[in-house]
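With mmCIF, C-alpha atoms inside, this is model-v2.cif:
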data_coords
#
loop_
_atom_site.label_atom_id
_atom_site.label_comp_id
_atom_site.auth_asym_id
_atom_site.auth_seq_id
_atom_site.Cartn_x
_atom_site.Cartn_y
_atom_site.Cartn_z
CA MET A 228 -2.80 -16.18 -10.42
CA THR A 229 -4.50 -19.21 -11.89
CA ASP A 230 -6.10 -21.96 -9.93
CA ALA A 231 -6.80 -19.81 -6.86
CA HIS A 232 -6.27 -21.65 -3.63
CA GLY A 233 -5.33 -21.13 0.00
CA PRO A 234 -6.06 -18.37 2.51
CA LEU A 235 -3.24 -16.15 1.19
CA GLN A 236 -4.88 -15.54 -2.18
CA GLY A 237 -4.15 -11.97 -3.28
CA VAL A 238 -0.90 -11.69 -1.30
CA LYS A 239 2.10 -10.84 -3.47
CA VAL A 240 5.67 -11.52 -2.35
CA VAL A 241 9.00 -10.65 -3.96
CA ALA A 242 11.92 -12.60 -2.51
CA CYS A 243 15.64 -12.18 -3.16
CA SER A 244 16.36 -15.21 -1.01
CA THR A 245 18.48 -18.32 -1.30
CA ALA A 246 19.31 -21.47 0.67
CA GLN A 247 16.75 -22.77 3.16
CA ALA A 248 15.79 -20.39 5.97
CA GLY A 249 15.44 -17.62 3.40
CA THR A 250 13.18 -19.50 1.00
CA VAL A 251 10.95 -21.78 3.09
CA PRO A 252 8.81 -18.91 4.50
CA TYR A 253 7.74 -17.94 0.99
CA MET A 254 7.37 -21.53 -0.23
CA LEU A 255 4.87 -21.99 2.61
CA MET A 256 3.08 -18.84 1.49
CA ALA A 257 2.95 -20.16 -2.07
CA ASP A 258 1.39 -23.38 -0.78
CA LEU A 259 -1.31 -21.21 0.78
CA GLY A 260 -2.10 -19.22 -2.33
CA ALA A 261 0.30 -16.26 -2.31
CA GLU A 262 1.97 -15.21 -5.54
CA VAL A 263 5.67 -15.50 -4.79
CA ILE A 264 8.20 -14.09 -7.26
CA LYS A 265 11.67 -15.45 -6.61
CA ILE A 266 14.47 -13.25 -7.96
CA GLU A 267 17.48 -15.18 -9.26
CA VAL A 268 20.77 -14.36 -10.95
CA PRO A 269 20.50 -14.57 -14.78
CA GLU A 270 21.91 -17.80 -16.25
CA ALA A 271 23.26 -19.04 -12.88
CA GLY A 272 20.19 -18.90 -10.63
CA ASP A 273 20.08 -19.85 -6.96
CA ASN A 274 23.20 -21.89 -6.16
CA SER A 275 21.06 -24.52 -4.47
CA ARG A 276 19.53 -25.55 -7.81
CA GLY A 277 22.49 -27.89 -8.11
CA SER A 278 22.30 -29.28 -4.58
CA THR A 279 21.54 -32.97 -4.01
CA VAL A 280 20.58 -33.92 -7.54
CA PHE A 281 20.22 -37.62 -8.37
CA PRO A 282 20.00 -38.88 -11.98
CA GLY A 283 16.44 -38.55 -13.25
CA PHE A 284 15.30 -36.40 -10.31
CA PRO A 285 15.14 -32.66 -9.57
CA SER A 286 17.22 -31.23 -6.74
CA THR A 287 15.76 -32.42 -3.45
CA TYR A 288 17.08 -29.28 -1.75
CA PHE A 289 15.85 -26.71 -4.26
CA GLU A 290 12.55 -28.44 -4.85
CA THR A 291 11.68 -28.78 -1.16
CA ASN A 292 12.42 -25.11 -0.49
CA ASN A 293 11.06 -23.43 -3.63
CA ARG A 294 8.02 -25.29 -4.84
CA GLY A 295 5.08 -23.28 -6.11
CA VAL A 296 6.98 -20.00 -6.61
CA LYS A 297 7.71 -18.09 -9.81
CA SER A 298 11.26 -17.53 -11.08
CA VAL A 299 12.35 -14.16 -12.49
CA THR A 300 15.98 -13.51 -13.32
CA LEU A 301 17.39 -10.04 -12.63
CA ASN A 302 20.87 -8.57 -12.66
CA LEU A 303 20.61 -6.49 -9.50
CA LYS A 304 24.06 -5.01 -10.03
CA ALA A 305 22.72 -3.19 -13.08
CA ALA A 306 20.67 0.00 -12.71
CA GLU A 307 17.96 -1.39 -14.97
CA GLY A 308 17.74 -4.56 -12.92
CA GLN A 309 17.28 -2.52 -9.76
CA ALA A 310 14.61 -0.42 -11.50
CA ILE A 311 12.68 -3.57 -12.42
CA LEU A 312 12.95 -4.81 -8.83
CA ARG A 313 11.51 -1.52 -7.53
CA LYS A 314 8.58 -1.80 -9.94
CA LEU A 315 7.89 -5.31 -8.66
CA VAL A 316 8.12 -4.15 -5.05
CA ALA A 317 5.75 -1.26 -5.70
CA LYS A 318 2.99 -3.80 -6.37
CA ALA A 319 4.00 -6.26 -3.64
CA ASP A 320 2.83 -6.79 -0.07
CA MET A 321 6.09 -8.29 1.11
CA PHE A 322 9.79 -8.45 0.30
CA GLY A 323 12.27 -10.98 1.66
CA GLN A 324 16.04 -11.31 1.64
CA ASN A 325 18.68 -13.29 3.51
CA PHE A 326 21.88 -11.81 2.13
CA ARG A 327 24.88 -11.30 4.35
CA PRO A 328 24.19 -8.21 6.50
CA GLY A 329 24.87 -5.02 4.53
CA ALA A 330 24.68 -6.60 1.08
CA ALA A 331 21.07 -5.56 0.40
CA GLU A 332 21.80 -1.97 1.37
CA LYS A 333 24.93 -1.94 -0.78
CA ASN A 334 22.94 -3.09 -3.80
CA GLY A 335 20.04 -0.69 -3.41
CA PHE A 336 17.35 -2.92 -1.93
CA GLY A 337 17.72 -2.40 1.80
CA TYR A 338 14.66 -1.58 3.88
CA GLU A 339 15.11 2.18 3.74
CA ASP A 340 15.42 2.02 -0.06
CA LEU A 341 12.31 -0.08 -0.64
CA ARG A 342 10.02 1.56 1.91
CA LYS A 343 10.29 4.73 -0.19
CA VAL A 344 8.85 2.76 -3.10
CA ASN A 345 6.11 1.11 -1.03
CA PRO A 346 5.37 2.49 2.49
CA LYS A 347 3.06 -0.49 3.22
CA LEU A 348 5.77 -3.01 2.44
CA VAL A 349 6.55 -5.80 4.93
CA TYR A 350 10.32 -6.29 4.63
CA VAL A 351 11.62 -9.58 6.02
CA SER A 352 15.35 -9.93 6.70
CA ILE A 353 16.90 -13.23 7.83
CA SER A 354 20.44 -13.40 9.19
CA GLY A 355 22.68 -15.83 11.02
CA TYR A 356 23.13 -14.12 14.39
CA GLY A 357 20.52 -11.35 14.44
CA PRO A 358 20.78 -7.62 13.63
CA SER A 359 22.70 -6.73 16.81
CA GLY A 360 25.62 -8.20 18.72
CA PRO A 361 29.34 -8.75 18.15
CA HIS A 362 28.84 -11.22 15.28
CA ALA A 363 25.90 -9.55 13.51
CA ASP A 364 27.93 -8.99 10.34
CA LEU A 365 29.04 -12.61 9.99
CA PRO A 366 27.37 -15.13 7.69
CA GLY A 367 25.47 -17.97 9.35
CA THR A 368 24.51 -21.55 8.64
CA ASP A 369 22.29 -24.20 10.17
CA SER A 370 25.16 -25.99 11.91
CA MET A 371 26.38 -22.73 13.41
CA ALA A 372 22.98 -22.05 14.95
CA GLN A 373 22.62 -25.62 16.18
CA ALA A 374 26.01 -25.36 17.85
CA LEU A 375 25.29 -22.03 19.54
CA GLY A 376 21.64 -22.65 20.36
CA GLY A 377 22.03 -25.70 22.62
CA ILE A 378 20.32 -28.46 20.64
CA ALA A 379 23.54 -30.44 20.21
CA GLU A 380 23.70 -30.91 23.96
CA ALA A 381 19.95 -31.38 24.38
CA TYR A 382 20.03 -34.48 22.18
CA SER A 383 23.45 -35.74 23.22
CA THR A 384 24.42 -39.06 24.76
CA PRO A 385 26.47 -38.95 27.97
CA GLY A 386 30.09 -39.79 27.29
CA GLN A 387 29.75 -39.20 23.54
CA PRO A 388 31.02 -36.16 21.60
CA LEU A 389 28.49 -33.38 20.99
CA ARG A 390 27.44 -33.18 17.33
CA THR A 391 25.04 -31.10 15.31
CA GLY A 392 22.25 -33.03 13.60
CA ILE A 393 21.85 -33.82 9.91
CA VAL A 394 18.29 -32.41 9.83
CA SER A 395 18.34 -28.63 9.37
CA VAL A 396 16.34 -27.78 12.47
CA ALA A 397 17.82 -24.29 12.84
CA ASP A 398 17.04 -23.34 9.24
CA GLU A 399 13.52 -24.73 9.40
CA THR A 400 12.69 -23.23 12.79
CA CYS A 401 13.88 -19.81 11.67
CA ALA A 402 11.86 -20.14 8.48
CA ILE A 403 8.63 -21.04 10.26
CA LEU A 404 9.08 -18.18 12.73
CA ALA A 405 9.77 -15.80 9.83
CA PHE A 406 6.59 -17.05 8.16
CA GLY A 407 4.56 -16.18 11.26
CA GLY A 408 6.29 -12.86 11.86
CA ALA A 409 5.83 -11.79 8.26
CA LEU A 410 2.12 -12.53 8.32
CA ALA A 411 1.75 -10.72 11.66
CA ALA A 412 3.37 -7.63 10.12
CA LEU A 413 1.20 -8.01 7.01
CA THR A 414 -1.93 -7.98 9.18
CA TYR A 415 -0.77 -4.73 10.75
CA ALA A 416 0.09 -3.20 7.37
CA ARG A 417 -3.32 -4.02 5.96
CA THR A 418 -5.03 -2.62 9.04
CA THR A 419 -3.02 0.60 9.34
CA GLY A 420 -1.31 1.12 5.98
CA ILE A 421 2.06 1.08 7.73
CA GLY A 422 4.73 -1.42 6.68
CA GLN A 423 7.76 -2.43 8.70
CA LYS A 424 10.94 -4.46 8.78
CA VAL A 425 10.89 -7.90 10.40
CA ASP A 426 14.26 -9.33 11.48
CA CYS A 427 14.68 -13.05 12.16
CA SER A 428 17.80 -15.12 12.64
CA LEU A 429 18.95 -18.71 12.69
CA LEU A 430 20.25 -18.29 16.23
CA GLY A 431 17.08 -16.63 17.48
CA GLY A 432 14.94 -19.41 16.09
CA GLN A 433 17.09 -22.10 17.64
CA ILE A 434 16.92 -20.46 21.06
CA ARG A 435 13.12 -20.34 20.81
CA LEU A 436 13.08 -24.03 19.88
CA MET A 437 14.72 -24.87 23.22
CA GLY A 438 11.45 -23.85 24.90
CA TRP A 439 10.75 -24.55 28.57
CA THR A 440 13.89 -26.67 28.91
CA LEU A 441 16.01 -23.55 28.45
CA THR A 442 13.89 -21.67 31.00
CA THR A 443 14.41 -24.47 33.51
CA ALA A 444 18.17 -24.48 32.91
CA MET A 445 18.37 -20.71 33.39
CA TRP A 446 16.27 -20.69 36.54
CA ARG A 447 18.21 -23.57 38.10
CA ASN A 448 21.54 -22.36 36.68
CA GLN A 449 22.15 -25.98 35.70
CA ASP A 450 22.17 -27.80 32.36
CA PRO A 451 19.66 -30.62 31.94
CA VAL A 452 20.65 -34.26 32.30
CA THR A 453 20.75 -35.90 28.88
CA GLY A 454 20.54 -39.52 27.86
CA GLN A 455 17.95 -42.20 27.25
CA ALA A 456 15.64 -41.30 30.13
CA ARG A 457 14.46 -38.49 32.34
CA ILE A 458 12.99 -39.28 35.76
CA THR A 459 11.90 -35.96 37.19
CA GLY A 460 9.78 -34.28 39.82
CA THR A 461 9.36 -35.06 43.50
CA PRO A 462 8.43 -38.29 45.34
CA ASN A 463 4.86 -36.99 45.46
CA ARG A 464 4.64 -36.07 41.79
CA PRO A 465 7.26 -37.80 39.66
CA GLY A 466 7.34 -38.05 35.90
CA MET A 467 9.32 -40.07 33.38
CA SER A 468 10.26 -39.96 29.70
CA ALA A 469 12.36 -42.86 28.48
CA SER A 470 13.40 -44.75 25.36
CA PHE A 471 14.33 -48.41 25.00
CA ASN A 472 15.13 -50.91 22.27
CA ASP A 473 13.07 -53.99 21.54
CA ARG A 474 14.51 -57.45 20.84
CA ASP A 475 15.32 -56.41 17.25
CA GLY A 476 17.02 -53.18 18.28
CA LYS A 477 14.07 -51.00 17.25
CA PRO A 478 13.62 -48.05 19.62
CA LEU A 479 10.45 -46.71 21.22
CA VAL A 480 9.62 -43.97 23.68
CA PHE A 481 6.98 -43.54 26.38
CA GLN A 482 6.19 -40.73 28.77
CA LEU A 483 4.47 -40.76 32.15
CA ASN A 484 2.95 -37.91 34.11
CA GLY A 485 2.63 -39.05 37.68
CA ALA A 486 3.13 -42.11 39.87
CA ARG A 487 -0.25 -43.66 39.03
CA GLN A 488 0.71 -43.98 35.37
CA TRP A 489 3.85 -45.90 36.37
CA ARG A 490 1.75 -48.77 37.70
CA ASP A 491 -0.68 -48.58 34.75
CA ALA A 492 2.17 -48.67 32.22
CA THR A 493 4.19 -51.44 33.80
CA THR A 494 1.07 -53.55 34.36
CA ALA A 495 0.08 -53.18 30.72
CA LEU A 496 3.58 -54.21 29.69
CA GLY A 497 3.54 -57.21 32.02
CA PHE A 498 6.52 -55.82 33.93
CA PHE A 499 4.95 -54.76 37.23
CA ALA A 500 5.46 -57.96 39.23
CA THR A 501 9.14 -58.15 38.26
CA LEU A 502 9.73 -54.46 38.99
CA ASP A 503 7.84 -54.58 42.27
CA LYS A 504 9.87 -57.58 43.44
CA ALA A 505 13.05 -55.64 42.65
CA GLY A 506 11.82 -52.68 44.72
CA PHE A 507 10.63 -50.54 41.82
CA GLY A 508 6.88 -50.67 42.30
CA ASP A 509 6.65 -46.99 43.26
CA LEU A 510 8.03 -44.39 40.85
CA GLY A 511 8.13 -41.82 43.65
CA VAL A 512 10.63 -43.96 45.55
CA ILE A 513 12.71 -44.54 42.43
CA ILE A 514 13.68 -40.90 42.03
CA SER A 515 15.37 -40.86 45.42
CA SER A 516 18.88 -41.66 44.13
CA ASP A 517 20.94 -41.82 40.94
CA GLU A 518 21.99 -45.38 41.77
CA ARG A 519 18.36 -46.55 41.84
CA ARG A 520 17.69 -44.85 38.52
CA VAL A 521 20.60 -46.61 36.85
CA THR A 522 19.53 -49.99 38.23
CA LEU A 523 15.95 -49.46 37.09
CA LEU A 524 16.96 -48.48 33.59
CA ARG A 525 19.16 -51.56 33.23
CA LEU A 526 16.27 -53.77 34.30
CA LEU A 527 13.90 -52.06 31.86
CA ASP A 528 16.45 -52.53 29.07
CA GLU A 529 16.33 -56.28 29.76
CA LEU A 530 12.53 -56.41 29.90
CA PHE A 531 11.92 -54.45 26.68
CA ALA A 532 14.45 -56.67 24.90
CA THR A 533 12.10 -59.64 25.37
CA GLY A 534 9.46 -58.44 22.89
CA THR A 535 8.70 -56.35 19.81
CA ARG A 536 8.31 -52.62 19.53
CA ASP A 537 4.88 -52.79 17.88
CA ASP A 538 3.56 -54.90 20.74
CA TRP A 539 5.02 -52.68 23.48
CA VAL A 540 3.65 -49.51 21.89
CA ALA A 541 0.22 -51.09 21.37
CA ARG A 542 0.07 -52.19 25.01
CA LEU A 543 1.06 -48.76 26.31
CA ARG A 544 -1.37 -46.93 24.05
CA GLY A 545 -4.07 -49.40 25.09
CA ALA A 546 -3.50 -48.28 28.68
CA ASP A 547 -3.74 -44.62 27.59
CA ILE A 548 -0.01 -44.09 28.11
CA VAL A 549 1.76 -41.79 25.66
CA SER A 550 4.03 -43.98 23.55
CA ALA A 551 5.43 -44.10 20.01
CA PRO A 552 8.05 -45.81 17.90
CA ILE A 553 11.19 -43.74 17.38
CA ASN A 554 11.08 -43.53 13.59
CA THR A 555 13.86 -43.23 11.09
CA LEU A 556 13.19 -40.58 8.43
CA LEU A 557 11.89 -43.22 6.02
CA GLU A 558 9.70 -44.74 8.72
CA ALA A 559 8.36 -41.27 9.50
CA SER A 560 7.46 -40.73 5.83
CA VAL A 561 5.12 -43.76 5.86
CA ASP A 562 3.83 -43.40 9.42
CA PRO A 563 0.05 -43.88 9.22
CA ASP A 564 -0.72 -40.59 10.98
CA VAL A 565 1.69 -38.69 8.73
CA VAL A 566 0.05 -40.17 5.63
CA ALA A 567 -3.53 -39.79 6.87
CA ASN A 568 -3.05 -36.07 7.56
CA GLY A 569 -1.30 -35.39 4.27
CA TYR A 570 1.94 -34.30 5.93
CA VAL A 571 3.65 -36.29 3.18
CA THR A 572 1.99 -36.38 -0.23
CA GLU A 573 2.90 -36.77 -3.93
CA ALA A 574 3.52 -34.34 -6.76
CA THR A 575 3.84 -34.89 -10.50
CA TYR A 576 7.05 -33.83 -12.25
CA PRO A 577 6.35 -33.74 -16.00
CA LYS A 578 9.98 -32.96 -16.93
CA HIS A 579 11.15 -36.09 -15.13
CA GLY A 580 8.13 -38.19 -16.09
CA LYS A 581 7.30 -39.35 -12.60
CA MET A 582 5.32 -38.75 -9.45
CA LEU A 583 7.42 -38.24 -6.33
CA LYS A 584 6.78 -38.11 -2.61
CA VAL A 585 7.06 -34.60 -1.19
CA HIS A 586 6.24 -32.67 1.95
CA GLY A 587 2.54 -32.00 2.30
CA SER A 588 1.13 -29.02 4.16
CA PRO A 589 1.37 -28.75 7.98
CA TRP A 590 -1.90 -26.76 7.92
CA GLN A 591 -5.43 -27.84 7.14
CA PHE A 592 -7.95 -25.12 6.22
CA SER A 593 -11.64 -25.95 5.96
CA GLU A 594 -12.40 -23.39 3.25
CA THR A 595 -9.12 -22.59 1.50
CA PRO A 596 -6.95 -25.71 1.28
CA ALA A 597 -3.29 -25.52 0.41
CA LYS A 598 -2.04 -26.59 -3.01
CA ILE A 599 1.31 -28.32 -3.44
CA GLY A 600 3.29 -27.07 -6.44
CA ILE A 601 6.73 -27.78 -7.86
CA ALA A 602 9.75 -25.51 -8.18
CA PRO A 603 10.12 -23.40 -11.34
CA GLU A 604 12.71 -23.65 -14.08
CA LEU A 605 15.18 -20.74 -13.95
CA GLY A 606 13.55 -17.60 -15.38
CA ALA A 607 10.39 -19.45 -16.34
CA ASP A 608 8.20 -16.51 -15.33
CA ASN A 609 10.24 -13.63 -16.72
CA ASP A 610 7.88 -12.76 -19.57
CA ALA A 611 4.61 -13.03 -17.64
CA VAL A 612 5.80 -11.17 -14.55
CA LEU A 613 7.50 -8.32 -16.41
CA ALA A 614 4.51 -7.92 -18.72
CA ASP A 615 2.32 -7.63 -15.63
CA ILE A 616 4.25 -4.55 -14.48
CA GLY A 617 4.08 -2.87 -17.88
CA TYR A 618 7.05 -4.00 -19.98
CA SER A 619 6.42 -4.80 -23.65
CA ALA A 620 7.51 -7.98 -25.39
CA ALA A 621 10.18 -5.97 -27.24
CA GLN A 622 11.53 -4.51 -24.00
CA ILE A 623 11.63 -7.91 -22.36
CA GLN A 624 13.51 -9.37 -25.32
CA ASP A 625 15.96 -6.46 -25.15
CA PHE A 626 16.53 -7.13 -21.45
CA ARG A 627 17.20 -10.78 -22.25
CA GLU A 628 19.70 -9.97 -24.99
CA ARG A 629 21.58 -7.55 -22.74
CA LYS A 630 21.51 -10.02 -19.82
CA ILE A 631 19.48 -7.75 -17.57
CA ILE A 632 17.21 -10.74 -17.04
#
Write out the structure in this file as C-alpha cells.
Amino acid sequence: MTDAHGPLQGVKVVACSTAQAGTVPYMLMADLGAEVIKIEVPEAGDNSRGSTVFPGFPSTYFETNNRGVKSVTLNLKAAEGQAILRKLVAKADMFGQNFRPGAAEKNGFGYEDLRKVNPKLVYVSISGYGPSGPHADLPGTDSMAQALGGIAEAYSTPGQPLRTGIVSVADETCAILAFGGALAALTYARTTGIGQKVDCSLLGGQIRLMGWTLTTAMWRNQDPVTGQARITGTPNRPGMSASFNDRDGKPLVFQLNGARQWRDATTALGFFATLDKAGFGDLGVIISSDERRVTLLRLLDELFATGTRDDWVARLRGADIVSAPINTLLEASVDPDVVANGYVTEATYPKHGKMLKVHGSPWQFSETPAKIGIAPELGADNDAVLADIGYSAAQIQDFRERKII
C-alpha cells in the first residue's frame, strides 16, 4: 500500500461482493487502511456501477459503497480465473461474498474450498435471511428485511399504510455488523492461527436494530404504540418522547426522563402556565388515560405552532432537555455537529474535475486516522495486484486478451 493510514494497515481483504450490504464492510476497512481487492466481472463489472448516475458525476451508489478499494477483474467461471482467486486468497486475511446461497460453492469459492488454501482465512458470507430457516436459499434485499424486521411498523403513523423507508437501513445495519464480526474473527485468527466463517444477514441485522423496543414487545406480548409521541412509565416515574411542528411546519423532537423534567421543559418553553391551567401541570397525572394524552398533544401542537423550531430547540437545550430538529437528509448533511466531526466531508474526483461531498468516517482514531478514498475504475488494479502474486507482464497481457481478466 501507499500512503499508509488507519488502524487496519497490513490487513488484506479479497471481496467478491456486490450491492450494498456486501460491499460497505470492506469499504469501511479500506477507509481504515486495509488493502481491499474487489473482484469484478471482466468488461461488465459490478452491476451497481451504473446505478444513480447523474451527468458529470460518478455513481452515487457505487461510489458510496466502494471508495478506497482496488478493482481486479476475474472470470470466475474459468479455471484460470479461479486459480488466480485462490492465489489472492492465499495471501489474504479475509474473504467476503454475498452471492445467493450456494453460488459460491458452485463456483469453487465456498468456505470449505478456500479454507484449504488458507486455514487462517476469515470468510464472511452475507445473505438475505440467514444460513438456516425455510427461506435461507432465497435472495434478499433491503426492503425485504425492513418489511420482515419490524421497522416499517416502528416508524409508522397510526391510520396510515405501513411502508418501508427510502434509506437502506437494513443493508447498512447488516454491513456494519458484518464489519464488526469480521474484525472479531480476524482478532481470533491472528491470536490462534485458526480462521472461520462468519455469517450475517439482512434480516438478522434488522432484528438487532430493533433493540430494546423488540425486547419490550416480546415480554409484554404487545406491539408498541406508534405515532408522534410516547408517554410512558408510571405516575411516579413517567417519561415522554414527542415531536411537533413549528409555525413554518418544521418538525422538532424532545425527550424527557421523569416528571421533574416536564416542568423544566414547559417552563423553558413558556408553556407551563397554560398547561397547568388546563390540568396538565403534572406529567405523572397525564399518563392516567388515553383521552388525556390526546388532549395534551393537541394543546402542545397549538403551542409549538406559535414559534420557530430554532427557538424552541434552543430553549429546551438551554434547560438541559434533550431536543433536536428533525432534519431532512440535506439538513443532516450540513448539521453543525455532523460537519464538525467530519461525518460528512469532501473528496476530489479528478475524472469529473470537481470536489464532491461524501460520507466521512464514523470513527475517530487518535493515532491512525481514516483516509477517505474514491471508488476505482473497472479493472484499474489488475496489473499491480496480479504482479504482486507473481504473474509476469506477459502473462497478465495474455489473461487480458483471453478475457480471463
So which one's closest to Gly432 (chain A), A:Asn302, A:Thr250, A:Gln373, A:Asn484? Using all atoms listed in the file, please.
-> A:Gln373
With a distance cut-off of 8 Å and all atoms listed in the file, select the neighbouring residues of Arg536 (chain A), excluding the residue or stretch itself and same-chain residues fewer than 5 positions from it, and output the selection as an NGL selection string.
-> :A and (472-474 or 477-479 or 552)
Expansion of the PyMOL selection byres ((chain A and resi 616) around 10) into residues, as a count of residues only | 13
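Picture a line from CA of Leu523 (chain A) to CA of Arg487 (chain A); it runs 17.3 Å.
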Nearest-residue call for Asp564 (chain A), choices A:Ala551, A:Leu259, A:Leu436, A:Ala363, using all atoms listed in the file |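 Result for the nearest residue to Asp564 (chain A): A:Ala551.
Interatomic distance, CA of Arg447 (chain A) to CA of Asp517 (chain A): 18.7 Å.
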Extract, using only C-alpha atoms, all DNA, RNA and protein residues at most 12 Å from Trp539 (chain A), discarding same-chain residues fewer than 3 positions from it, and format them as number ranges by chain.
-> A: 470-474, 477-481, 492-498, 530-536, 542-546, 548-552
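CA of Pro366 (chain A) sits 20.4 Å away from CA of Leu303 (chain A).
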Selection under test: the PyMOL selection byres ((chain A and resi 398-401) around 9); residues as a PyMOL selection string = chain A and resi 247-249+251-252+353+368-370+372+395-397+402-406+427-433+435-436
Select, counting all atoms listed in the file, all protein, DNA and RNA residues no farther than 10 Å from (4.8, -22.1, 2.2) in file coordinates, and express the selection as a PyMOL selection string.
-> chain A and resi 250-261+263+292-296+402-403+406+588-590+597-599
Between A:Leu526, A:Gly272, A:Lys581, A:Thr453, single out the one closest to Gln387 (chain A), counting all atoms listed in the file.
-> A:Thr453
Result set of the PyMOL selection byres ((chain A and resi 242) around 8) on the coordinates above, as a ChimeraX atom specification | /A:240-241,243-244,250,253,263-266,322-324
Restrict the selected residues to C-alpha atoms and save them as a PDB file, in the frame of the given file.
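As written to disk, selection-v2.pdb reads:
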ATOM      1  CA  VAL A 240       5.670 -11.520  -2.350  1.00  0.00           C
ATOM      2  CA  VAL A 241       9.000 -10.650  -3.960  1.00  0.00           C
ATOM      3  CA  CYS A 243      15.640 -12.180  -3.160  1.00  0.00           C
ATOM      4  CA  SER A 244      16.360 -15.210  -1.010  1.00  0.00           C
ATOM      5  CA  THR A 250      13.180 -19.500   1.000  1.00  0.00           C
ATOM      6  CA  TYR A 253       7.740 -17.940   0.990  1.00  0.00           C
ATOM      7  CA  VAL A 263       5.670 -15.500  -4.790  1.00  0.00           C
ATOM      8  CA  ILE A 264       8.200 -14.090  -7.260  1.00  0.00           C
ATOM      9  CA  LYS A 265      11.670 -15.450  -6.610  1.00  0.00           C
ATOM     10  CA  ILE A 266      14.470 -13.250  -7.960  1.00  0.00           C
ATOM     11  CA  PHE A 322       9.790  -8.450   0.300  1.00  0.00           C
ATOM     12  CA  GLY A 323      12.270 -10.980   1.660  1.00  0.00           C
ATOM     13  CA  GLN A 324      16.040 -11.310   1.640  1.00  0.00           C
TER      14      GLN A 324
END
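Nearest to Gly337 (chain A) of all the residues A:Arg390, A:Lys297, A:Lys304, A:Lys424 is A:Lys424, based on all atoms listed in the file.
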